[in-house]
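**Student:** Right, I'll just put the structure down here and ask away after.
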Amino acid sequence: MSAPNGTTLAHVSAQPLQIVWTIVVAGGSGTRFGGPKQYETLGDKRVLDWSVAAARAASAGVVVVVPAVDAEREGGVAGGATRSDSVRAGLAHVPPDASVVCVHDAARPFASAEVFQRVIAAIADGADAAIPGVPVVDTIKQIDADGTVVHTPLRAALSAVQTPQAFRATTLRAAHATGADATDDAALVEAAGGRVVVVAGDAANRKITDPDDLRWARERVADHRTDHMAPDVRVGQGFDIHRFSDDPARPLVLGGVTFEGARGLHGHSDADAIAHAATDALLGAAGLGDIGEHFPDTDPQWKGVDSLVLLRQAAALVREAGWRVGNVDCSVVCETPKLAPHRAEMQRRLSEAVGAPVTVKGRRAEGLGALGRQEGIACWANAVIVKETGS
């Protein structure tokens, strides 16, 4: 089946995975609740703040969609008349280099990292859309307009669907280009012929629909503040700098990408300053030492090695120590070459090595110091890691 822009969903599904972004939908007026429930207090934050925090931990970036009257105050995107309109408004602010887009309801403040991971992993496994679901425990009856039962579906074939829902970005954009409305975005992808799969949801990922739900949520926060709702989070900082090599044949490698025709950097490995800084940040966050301890430049096995190998090993050590990587953010300072043409590919390769979102930003030294004189390239990196439940 063809998408509205003329491409087929099979073509759309074949696009490579890169960076995950999440749209948090908080554009409702809360008619059933009696007011905008997303702004209700929940512990020391609002319902919306819990949902955004959960999305940020799983994404390279987050777009928050709120009622139009609140957009300036909240620093968010103005929503539309329907839920689908609001998602489309948020989707317009997701950068083009995002390959996976999650859509999450602000009214589900307890979405766990594991649920985010499951839906994102299903996209990596080939699905066009992935949605979390929980078993239906009550018998369901389909009735007509006067209340007469017309069908009793098998309970085992039913699933109560939650958010976050994950999508291939191109597939979601194509589905929304129709301008159609649905109660969830997976229905639009399904209608366009996309493959939608259900993964395990979480009974605690309950949607706040009425005041009783909010009371339950507040009790849960009070009961679990030192456990579920207050994860152990650590931040690590990494830094690396390399001078340009005098060897004209030495390639320049940054973020796992070779820059053709650019001067290479001097170093024992491939001198990938971005991968080295990210490696150091991960190890430091977990208290596992630094890159020099694990991969010393005196050891011949690391000579000329692809630095993404080191980054993968560091990420594995972090996981073995009981931590989950939230994200890594890298700032590169160099006068040359231009990073922008290769930014998406660097982020894709780094993210694949880490198993979590990695972002890369380029900065110039404005002619100041050794970096400004084009004597080398430096990178600063920050990594966020979260203690795994039960570790």
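Ligands are numbered from 1 in the order shown, residues from 1 within each chain, and chains are lettered A, B, ... in the order they appear in the structure tokens.
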Just want the 6 Å neighbourhood of range 386-388 of chain A, counted on only C-alpha atoms, with same-chain residues fewer than 5 positions away dropped. Output as a PDB file with N, CA and C atoms, in the first residue's frame.
**Tutor:**
ATOM      1  N   ASP A 232      18.179   5.812  41.196  1.00  0.00           N
ATOM      2  CA  ASP A 232      19.559   6.241  41.418  1.00  0.00           C
ATOM      3  C   ASP A 232      20.139   6.681  40.071  1.00  0.00           C
ATOM      4  N   VAL A 233      20.396   7.958  39.943  1.00  0.00           N
ATOM      5  CA  VAL A 233      20.891   8.524  38.689  1.00  0.00           C
ATOM      6  C   VAL A 233      22.283   9.105  38.916  1.00  0.00           C
ATOM      7  N   GLY A 322      25.315  -2.974  36.575  1.00  0.00           N
ATOM      8  CA  GLY A 322      23.945  -2.770  37.039  1.00  0.00           C
ATOM      9  C   GLY A 322      23.326  -1.446  36.656  1.00  0.00           C
ATOM     10  N   TRP A 323      23.886  -0.786  35.635  1.00  0.00           N
ATOM     11  CA  TRP A 323      23.378   0.523  35.230  1.00  0.00           C
ATOM     12  C   TRP A 323      22.806   0.469  33.821  1.00  0.00           C
ATOM     13  N   ARG A 324      21.855   1.348  33.557  1.00  0.00           N
ATOM     14  CA  ARG A 324      21.308   1.555  32.220  1.00  0.00           C
ATOM     15  C   ARG A 324      21.724   2.943  31.749  1.00  0.00           C
TER      16      ARG A 324
END
**Student:** Pick out the residues sitting within 8 Å of range 152-161 of chain A, and hand them over as an MDAnalysis selection string; count only C-alpha atoms, and ignore anything fewer than 2 positions along from it in its own chain.
**Tutor:** chainID A and resid 131:142 149:150 163 201
**Student:** Could you take the residues named above and write them with C-alpha atoms, as an mmCIF file, in the first residue's frame?
**Tutor:**
data_model
loop_
_atom_site.group_PDB
_atom_site.id
_atom_site.type_symbol
_atom_site.label_atom_id
_atom_site.label_comp_id
_atom_site.auth_asym_id
_atom_site.auth_seq_id
_atom_site.Cartn_x
_atom_site.Cartn_y
_atom_site.Cartn_z
ATOM 1 C CA ILE A 131 2.467 -0.468 21.322
ATOM 2 C CA PRO A 132 2.471 -1.690 24.938
ATOM 3 C CA GLY A 133 -0.538 -3.668 26.044
ATOM 4 C CA VAL A 134 -1.823 -5.455 29.120
ATOM 5 C CA PRO A 135 -4.221 -8.433 29.243
ATOM 6 C CA VAL A 136 -7.949 -7.701 29.462
ATOM 7 C CA VAL A 137 -9.236 -9.231 32.709
ATOM 8 C CA ASP A 138 -12.958 -8.541 32.247
ATOM 9 C CA THR A 139 -15.237 -10.183 29.709
ATOM 10 C CA ILE A 140 -15.992 -7.688 26.930
ATOM 11 C CA LYS A 141 -19.395 -7.416 25.217
ATOM 12 C CA GLN A 142 -19.997 -5.651 21.917
ATOM 13 C CA VAL A 149 -25.231 -7.795 22.912
ATOM 14 C CA VAL A 150 -24.125 -8.646 19.362
ATOM 15 C CA THR A 163 1.592 4.565 25.667
ATOM 16 C CA GLY A 201 2.922 -3.168 28.929
#
**Student:** Point out the residue among A:Ala316, A:Ala191, A:Ala356, A:His93 with the least atom-to-atom distance to Leu288 in chain A, counting only C-alpha atoms.
**Tutor:**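 With only C-alpha atoms as the atom set, the closest residue is A:Ala316.
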**Student:** From the options A:Ile123, A:Gly90, A:Val199, A:Asp212, which residue's atoms come nearest to Gly76 in chain A, counting only C-alpha atoms?
**Tutor:**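 The closest residue to Gly76 in chain A is A:Gly90.
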**Student:** Using only C-alpha atoms, which protein or nucleic acid residues come within 12 Å of Val52 in chain A? Drop anything in the same chain fewer than 4 positions from it, and give the result as a ChimeraX atom specification.
**Tutor:** /A:21-26,38,45-48,56-59,61-65,76,103-112,164
**Student:** Grab the residues selected above and save them as a compact mmCIF listing (two decimals), in the first residue's frame with C-alpha atoms.
**Tutor:**
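Once written, out-v1.txt looks like this:
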# COMPACT_ATOMS: atom_id res chain seq x y z
CA TRP A 21 12.60 11.43 19.87
CA THR A 22 9.39 11.47 21.93
CA ILE A 23 6.26 13.59 21.58
CA VAL A 24 4.47 14.04 24.92
CA VAL A 25 0.83 14.86 24.22
CA ALA A 26 -0.64 17.15 26.88
CA GLN A 38 -1.74 17.28 33.21
CA LYS A 45 5.99 17.79 40.51
CA ARG A 46 3.03 17.91 38.14
CA VAL A 47 1.61 14.94 36.24
CA LEU A 48 3.06 16.41 33.03
CA ARG A 56 13.68 12.41 28.37
CA ALA A 57 15.39 9.40 29.95
CA ALA A 58 14.63 7.32 26.85
CA SER A 59 15.06 9.90 24.08
CA GLY A 61 14.90 14.94 22.53
CA VAL A 62 11.32 15.60 23.63
CA VAL A 63 8.56 17.74 22.11
CA VAL A 64 5.78 18.68 24.54
CA VAL A 65 2.38 19.55 23.07
CA GLY A 76 5.73 23.87 24.43
CA VAL A 103 4.24 9.22 21.26
CA HIS A 104 3.36 9.30 24.96
CA ASP A 105 0.31 10.58 26.82
CA ALA A 106 1.09 13.12 29.54
CA ALA A 107 -1.64 11.46 31.61
CA ARG A 108 0.53 8.33 32.07
CA PRO A 109 3.17 9.53 34.55
CA PHE A 110 4.43 6.07 35.51
CA ALA A 111 5.70 4.81 32.15
CA SER A 112 8.83 2.82 32.97
CA PRO A 164 4.45 5.18 24.90
**Student:** Taking 3 positions as the minimum chain separation for residues in the same chain, which residues sit within 10 Å of Leu317 in chain A when counting only C-alpha atoms? Answer as a VMD selection string.
**Tutor:** chain A and resid 282 to 283 286 288 311 to 314 320 to 323
**Student:** How would the residues just picked look written out with C-alpha atoms as an mmCIF file, in the first residue's frame?
**Tutor:**
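The new file again30.cif reads:
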data_model
loop_
_atom_site.group_PDB
_atom_site.id
_atom_site.type_symbol
_atom_site.label_atom_id
_atom_site.label_comp_id
_atom_site.auth_asym_id
_atom_site.auth_seq_id
_atom_site.Cartn_x
_atom_site.Cartn_y
_atom_site.Cartn_z
ATOM 1 C CA LEU A 282 30.354 6.404 30.706
ATOM 2 C CA LEU A 283 33.158 4.874 32.755
ATOM 3 C CA ALA A 286 29.636 4.266 36.827
ATOM 4 C CA LEU A 288 34.740 2.365 36.697
ATOM 5 C CA LEU A 311 32.880 2.597 23.395
ATOM 6 C CA ARG A 312 30.904 -0.657 23.071
ATOM 7 C CA GLN A 313 33.072 -2.327 25.711
ATOM 8 C CA ALA A 314 32.669 0.623 28.081
ATOM 9 C CA GLU A 320 27.395 -5.331 33.843
ATOM 10 C CA ALA A 321 27.745 -3.028 36.855
ATOM 11 C CA GLY A 322 23.945 -2.770 37.039
ATOM 12 C CA TRP A 323 23.378 0.523 35.230
#
**Student:** Could you pull out the strand (DSSP E or B) residues of range 45-179 of chain A, going by DSSP on the backbone, and write them as a PyMOL selection string?
**Tutor:** chain A and resi 45-46+61-66+77-78+98-105+129-135+142-143+149-151+159-161+165-168
**Student:** Neighbouring residues of Gly362 in chain A were defined as those with any atom within 10 Å, considering only C-alpha atoms; residues of the same chain fewer than 5 positions away were excluded. Please report them as a PDB file with N, CA and C atoms, in the first residue's frame.
**Tutor:**
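The resulting file, around_21.pdb, is reproduced below:
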ATOM      1  N   CYS A 330      27.567  15.067  23.456  1.00  0.00           N
ATOM      2  CA  CYS A 330      28.953  15.417  23.126  1.00  0.00           C
ATOM      3  C   CYS A 330      29.034  16.795  22.483  1.00  0.00           C
ATOM      4  N   SER A 331      29.991  17.608  22.934  1.00  0.00           N
ATOM      5  CA  SER A 331      30.269  18.906  22.330  1.00  0.00           C
ATOM      6  C   SER A 331      31.682  18.871  21.765  1.00  0.00           C
ATOM      7  N   VAL A 332      31.799  19.069  20.452  1.00  0.00           N
ATOM      8  CA  VAL A 332      33.081  19.002  19.752  1.00  0.00           C
ATOM      9  C   VAL A 332      33.520  20.413  19.405  1.00  0.00           C
ATOM     10  N   VAL A 333      34.788  20.739  19.696  1.00  0.00           N
ATOM     11  CA  VAL A 333      35.327  22.055  19.376  1.00  0.00           C
ATOM     12  C   VAL A 333      36.390  21.896  18.302  1.00  0.00           C
ATOM     13  N   CYS A 334      36.135  22.475  17.139  1.00  0.00           N
ATOM     14  CA  CYS A 334      37.101  22.437  16.048  1.00  0.00           C
ATOM     15  C   CYS A 334      36.765  23.527  15.039  1.00  0.00           C
ATOM     16  N   GLU A 335      37.785  24.019  14.383  1.00  0.00           N
ATOM     17  CA  GLU A 335      37.580  25.007  13.317  1.00  0.00           C
ATOM     18  C   GLU A 335      37.285  24.313  11.991  1.00  0.00           C
ATOM     19  N   LYS A 338      33.825  20.756   8.803  1.00  0.00           N
ATOM     20  CA  LYS A 338      32.442  20.972   9.188  1.00  0.00           C
ATOM     21  C   LYS A 338      31.819  19.637   9.588  1.00  0.00           C
ATOM     22  N   LEU A 339      31.178  19.628  10.765  1.00  0.00           N
ATOM     23  CA  LEU A 339      30.591  18.384  11.272  1.00  0.00           C
ATOM     24  C   LEU A 339      29.169  18.151  10.770  1.00  0.00           C
ATOM     25  N   ALA A 340      28.464  19.249  10.447  1.00  0.00           N
ATOM     26  CA  ALA A 340      27.034  19.141  10.148  1.00  0.00           C
ATOM     27  C   ALA A 340      26.698  18.098   9.082  1.00  0.00           C
ATOM     28  N   ARG A 343      26.734  14.724  10.864  1.00  0.00           N
ATOM     29  CA  ARG A 343      26.214  14.652  12.229  1.00  0.00           C
ATOM     30  C   ARG A 343      25.250  13.481  12.429  1.00  0.00           C
ATOM     31  N   CYS A 379      36.879  17.299  22.491  1.00  0.00           N
ATOM     32  CA  CYS A 379      35.478  16.945  22.714  1.00  0.00           C
ATOM     33  C   CYS A 379      35.203  16.789  24.204  1.00  0.00           C
TER      34      CYS A 379
END
